[in-house]
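Just below is one structure, and these are the notes that go with it.
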Amino acid sequence: MNTFFKSTVYAAFVGLTIFSSCSDEIKDFTVKPDGTEQGDGSATTAETKNLIINATATGKKWVVEDVIYVGSPSAAENEVTIDNQSSGFTKFTVSKIGEGATSASFEGEIPANLSGKKLLVFYGNAADMKVAASKVTLDLASQNGTLMSATADYTEEESINATFSVENASAELKIQTTDVSGLTEATLSFDESSAMGFTSSKEFTADGVGTYTMQKSMNAALTAGENNEYTISFIPTVSETPAKMNISLKATKESGDYTYKTKKEISSSSNYDVEIKSENVDNSLFGAGTEESPYIIDNVDKFMGMTETTDRFYQLSRDLDFTGIEFTPIATFAGTFDGNGMTISNLTFTVGDGNGGIFVENTSTIKNLNVADVTVTKTGSFASNNPSVGILTASNKGTIENCSTNNSSITATISNAGGIGILSGENSSNIRYCKVIGSSIIDINGSAQCFVGGLVGKCTGGEIIFSYVENADINHNITNMSGSAIGGLIGQCNISIEGCYAKASLYSGSSQTTSLGGFIGVSFNGNPLNIKGCFSTGDIEITGTSNNISGFIGNFTGNGKRDISYCYTTVDTKNKGGAFILSSSTKAECKNCYYTLSTGQTTTSPINGTEKVDAETLRGKSTNFNDALDWADYQFVAGTTDTEPLIIQKK
């Protein structure tokens, strides 16, 4: 049965005339019976009676496989399917096809106690018919225009005539898109003041009285055609009043989910041809911007549009790919951004004069965000306030928690001093449970002092806990300015650090004095430094001669207490510098700190509290480390390689 009328809507039901341009379509819902057959009047058993139904319907060509369902609501349970015996409905199969196949006979047995009742007869899918509380509910929308029904009075006769009426006539909405691709979802709706809506179901009582259910909005399936043409099938309700139908289409792309909206005036005989263009995009934020109902960020435009952030909450709902999109960094971020475990990727941007990062300055919270395949190029001078550049943030004054940076890089040519870090250029607050993996600082050039780190370039306050750098490469070629520092985790640092590690390769081609450390480049000034339960692995290589090099911390300057406990390093310093900390340093108080030396590497006069051990001995110290540190969620366990004899893992 073909009840999909292309480009024309048929918003009519029983007793109403609909319109069609095709001669073989349904013309009218009320057609009289044509040709009936009577039974012999005998009942097959005392409990059941044989019944012959002579069924007629317009536009329907019956076939032998067709079935109908006959009965009257009598459900004792709250809800049962029509095929359930307790429903009082019987499944009939066509037994004879009439002339022209528009009439057919169905024969079967029905309960004898149905005498004197009005029978309900349905043609369609029984799975979409439910019986509850002495009424039958038909799910019209799921039938795609094929469901028909009839009612008939049944007394003692064994043969009845049933005239089928189409219960739902489907319309088709043709959508042609311009500069829009990837449509995946459609929502059609009417304003509450409109007399029109969508038919979702029809209910029949035991007496055969039927009522329709109308809904103002419906989700519709999209059928894709050629040349960005889509078809939407739906069932409108009866209305004599034209109304504006709201059309909302969702396109899913790598760059996010985009919603396109338009309106179309419709009536019972309107042609539905709609063109959706790229300017129909709606980037309104869903949510209230509160912690309970955050603004939902589901495309790159909404992400870059987070400008009024003070005290507002945002949540990323999907991965975002910035390939081919010109990215504009977000300036001061003063809200809460929850990445929700999603990834933003393929960002490429250049920072001229000033500071730069995906978030230039964070003063509140960024959490649960993964960043991958980002390329940042820094040119020009840093800003005078917190001079810095990083991939996630330039300057962190709030909290960065459970964030990662993967396969990303920074290249910089600088003319004034600043911090350069893969996660954050500068940190004066808190970084927790973050990681940098497979990323690099490709090259740092210029003539100004800089502090470069695999996680953070420069730290001036706060704390960093349970964060790490893995497989990082850092290259430094600053000229004409001494005092720069490079660290596998942090370039310059005077804060509390716990449960962190760095696996990095450091290189300096500078002819000026540079401090390089497998964990921290330099600690200076008067702020205290407190490091517990950390380690560094990797290697350090230099071509200049005026450098301070050590496997854990490159150098100390200035005053202030430096407490370092339960840490180790296996960094290969290529026979230069100190194994753990420069032997000339008298500014560190170390406790239970260890280093291993590669073949040919030497060390002299190790500072108090550090000890040379082999990898196997270090593996056996996990219990001592764990007893002293007493971490709630993390622990040291034995590693499998000599370069990493102890590792930190979650319990």
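The way I read the labels, and the way they are meant: chains A, B, ... in the order of the structure tokens, residue 1 as the first residue of every chain, and ligand 1 as the first ligand shown, with later ones counted on from there.
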
For the structure I just gave you, how does DSSP split segment 103-338 of chain A - specifically, which residues are strand (DSSP E or B)? Reply as a ChimeraX atom specification.
/A:103-111,117-123,129-132,135-139,148-154,159-163,165-166,170-178,183-190,198-205,210-215,217-220,222-224,229-234,236,243-253,256-266,271,273-277,281-282,286,295-297,299,313-316,320-321,330-333,336-338

Neighbour list for Glu361 of chain A as a ChimeraX atom specification, cut-off 12 Å, only C-alpha atoms, skip fewer than 3 positions in-chain:
/A:309,329-335,354-358,364-366,383,385-400,424-429

Would you save the residues of that selection, restricted to C-alpha atoms, as an mmCIF file, in the first residue's frame?
data_model
loop_
_atom_site.group_PDB
_atom_site.id
_atom_site.type_symbol
_atom_site.label_atom_id
_atom_site.label_comp_id
_atom_site.auth_asym_id
_atom_site.auth_seq_id
_atom_site.Cartn_x
_atom_site.Cartn_y
_atom_site.Cartn_z
ATOM 1 C CA THR A 309 32.610 33.195 31.207
ATOM 2 C CA PRO A 329 42.315 31.659 21.414
ATOM 3 C CA ILE A 330 39.931 32.261 24.283
ATOM 4 C CA ALA A 331 41.126 35.239 26.327
ATOM 5 C CA THR A 332 40.547 35.314 30.073
ATOM 6 C CA PHE A 333 38.509 32.299 31.143
ATOM 7 C CA ALA A 334 36.785 32.870 34.488
ATOM 8 C CA GLY A 335 34.194 30.076 34.479
ATOM 9 C CA GLY A 354 51.345 38.929 23.850
ATOM 10 C CA ASN A 355 50.652 35.631 25.554
ATOM 11 C CA GLY A 356 48.928 32.668 23.967
ATOM 12 C CA GLY A 357 47.310 29.266 24.396
ATOM 13 C CA ILE A 358 43.941 27.674 23.721
ATOM 14 C CA SER A 364 38.905 29.451 37.409
ATOM 15 C CA THR A 365 38.673 25.737 36.430
ATOM 16 C CA ILE A 366 39.471 23.687 33.347
ATOM 17 C CA ALA A 383 52.964 40.455 27.372
ATOM 18 C CA ASN A 385 51.906 40.552 32.666
ATOM 19 C CA ASN A 386 52.701 36.848 33.261
ATOM 20 C CA PRO A 387 54.703 36.507 30.006
ATOM 21 C CA SER A 388 54.063 32.986 28.747
ATOM 22 C CA VAL A 389 52.882 30.648 26.024
ATOM 23 C CA GLY A 390 51.472 27.131 26.315
ATOM 24 C CA ILE A 391 49.184 24.760 24.474
ATOM 25 C CA LEU A 392 46.299 24.476 26.929
ATOM 26 C CA THR A 393 46.892 27.748 28.756
ATOM 27 C CA ALA A 394 49.443 30.526 28.641
ATOM 28 C CA SER A 395 48.914 31.415 32.293
ATOM 29 C CA ASN A 396 47.103 29.341 34.926
ATOM 30 C CA LYS A 397 45.831 31.219 37.972
ATOM 31 C CA GLY A 398 43.056 28.768 38.754
ATOM 32 C CA THR A 399 42.848 24.971 38.577
ATOM 33 C CA ILE A 400 43.719 22.625 35.734
ATOM 34 C CA SER A 424 50.849 25.711 30.507
ATOM 35 C CA GLY A 425 53.434 28.438 30.006
ATOM 36 C CA GLU A 426 53.120 29.773 33.533
ATOM 37 C CA ASN A 427 51.447 28.469 36.691
ATOM 38 C CA SER A 428 50.735 30.288 39.929
ATOM 39 C CA SER A 429 48.000 27.985 41.203
#

Per-residue DSSP, segment 89-279 of chain A, filtered to helix (DSSP H, G or I), as a PyMOL selection string
chain A and resi 99-101+112-114+126-128+141-143+278-279

Neighbouring residues of segment 368-374 of chain A were defined as those with any atom within 6 Å, considering only C-alpha atoms; residues of the same chain fewer than 2 positions away were excluded. Please report them as a ChimeraX atom specification.
/A:338-348,402-408

Filtering to N, CA and C atoms, could you give me those residues as a CSV table (one decimal), in the first residue's frame?
chain,number,residue,atom,x,y,z
A,338,ASP,N,34.2,22.0,31.7
A,338,ASP,CA,34.3,20.5,31.9
A,338,ASP,C,34.4,19.9,30.5
A,339,GLY,N,35.6,19.3,30.2
A,339,GLY,CA,35.8,18.7,28.9
A,339,GLY,C,35.0,17.4,28.8
A,340,ASN,N,34.6,16.8,30.0
A,340,ASN,CA,33.7,15.6,29.9
A,340,ASN,C,34.4,14.4,29.3
A,341,GLY,N,35.8,14.4,29.4
A,341,GLY,CA,36.6,13.3,28.8
A,341,GLY,C,36.7,13.4,27.3
A,342,MET,N,36.2,14.4,26.7
A,342,MET,CA,36.3,14.6,25.2
A,342,MET,C,37.6,15.2,24.8
A,343,THR,N,37.8,15.2,23.4
A,343,THR,CA,39.1,15.6,22.9
A,343,THR,C,38.8,16.8,21.9
A,344,ILE,N,39.6,17.8,22.0
A,344,ILE,CA,39.7,18.8,20.9
A,344,ILE,C,41.0,18.6,20.2
A,345,SER,N,41.0,18.7,18.9
A,345,SER,CA,42.2,18.3,18.1
A,345,SER,C,42.4,19.1,16.9
A,346,ASN,N,43.6,19.0,16.4
A,346,ASN,CA,44.0,19.7,15.1
A,346,ASN,C,43.8,21.2,15.1
A,347,LEU,N,44.2,21.8,16.2
A,347,LEU,CA,44.2,23.3,16.2
A,347,LEU,C,45.6,23.7,15.8
A,348,THR,N,45.6,24.7,15.0
A,348,THR,CA,46.9,25.4,14.6
A,348,THR,C,46.7,26.9,14.7
A,402,ASN,N,42.9,16.9,35.6
A,402,ASN,CA,42.6,15.8,34.7
A,402,ASN,C,42.5,16.2,33.3
A,403,CYS,N,43.6,16.9,32.8
A,403,CYS,CA,43.7,17.3,31.4
A,403,CYS,C,44.9,16.7,30.8
A,404,SER,N,44.9,16.5,29.5
A,404,SER,CA,46.0,15.9,28.8
A,404,SER,C,46.3,16.7,27.5
A,405,THR,N,47.6,16.6,27.1
A,405,THR,CA,48.1,17.2,25.8
A,405,THR,C,48.8,16.1,25.1
A,406,ASN,N,48.4,15.7,23.9
A,406,ASN,CA,49.0,14.6,23.2
A,406,ASN,C,49.5,15.1,21.8
A,407,ASN,N,50.6,14.6,21.4
A,407,ASN,CA,51.1,14.8,20.1
A,407,ASN,C,51.0,16.2,19.6
A,408,SER,N,51.5,17.1,20.4
A,408,SER,CA,51.4,18.5,20.1
A,408,SER,C,52.7,19.2,20.2

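Atom CA of Lys202 of chain A sits 15.5 Å away from atom CA of Lys216 of chain A.
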
With only C-alpha atoms as the basis for distance, which of A:Asn575, A:Ser565, A:Asn608, A:Gln649 is at the shortest distance from Cys593 of chain A?
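When distances to Cys593 of chain A are compared using only C-alpha atoms, the smallest one comes from A:Ser565.
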
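For segment 280-291 of chain A, the set of protein, DNA and RNA residues having any atom at most 6 Å away, when counting only C-alpha atoms and skipping those fewer than 5 positions along the same chain, is Thr259, Tyr260, Lys261, Ile296, Arg312 and Phe313 of chain A.
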
Generate the output file for the selected residues, N, CA, C and O atoms, as a compact mmCIF listing (two decimals), in the first residue's frame.
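Output saved as out28.txt:
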# COMPACT_ATOMS: atom_id res chain seq x y z
N THR A 259 23.04 22.91 14.34
CA THR A 259 21.59 22.90 14.21
C THR A 259 21.17 24.00 13.23
O THR A 259 21.60 25.16 13.35
N TYR A 260 20.36 23.59 12.25
CA TYR A 260 19.84 24.54 11.25
C TYR A 260 18.33 24.63 11.44
O TYR A 260 17.65 23.61 11.54
N LYS A 261 17.81 25.86 11.47
CA LYS A 261 16.39 26.05 11.76
C LYS A 261 15.74 26.93 10.70
O LYS A 261 16.34 27.88 10.19
N ILE A 296 26.01 23.65 27.01
CA ILE A 296 26.55 22.52 26.26
C ILE A 296 27.32 23.04 25.06
O ILE A 296 26.79 23.77 24.22
N ARG A 312 30.25 31.11 35.05
CA ARG A 312 29.37 30.28 34.23
C ARG A 312 30.01 28.91 34.01
O ARG A 312 31.24 28.77 34.01
N PHE A 313 29.17 27.92 33.79
CA PHE A 313 29.62 26.54 33.65
C PHE A 313 29.39 26.07 32.21
O PHE A 313 28.31 26.27 31.65

Expressed in Å, the length from atom CA of Asp642 of chain A to atom CA of Ser496 of chain A is 27.7 Å

With only C-alpha atoms as the atoms that count, which of A:Leu120, A:Ile549, A:Ala615, A:Leu597 lies nearest to Gly208 of chain A?
A:Leu120

List the spatial neighbours of Ala588 of chain A as number ranges by chain - criterion: any atom at most 12 Å away, only C-alpha atoms, same-chain residues fewer than 6 positions off excluded.
A: 523-524, 528-531, 553, 555-565, 580-582, 606-610
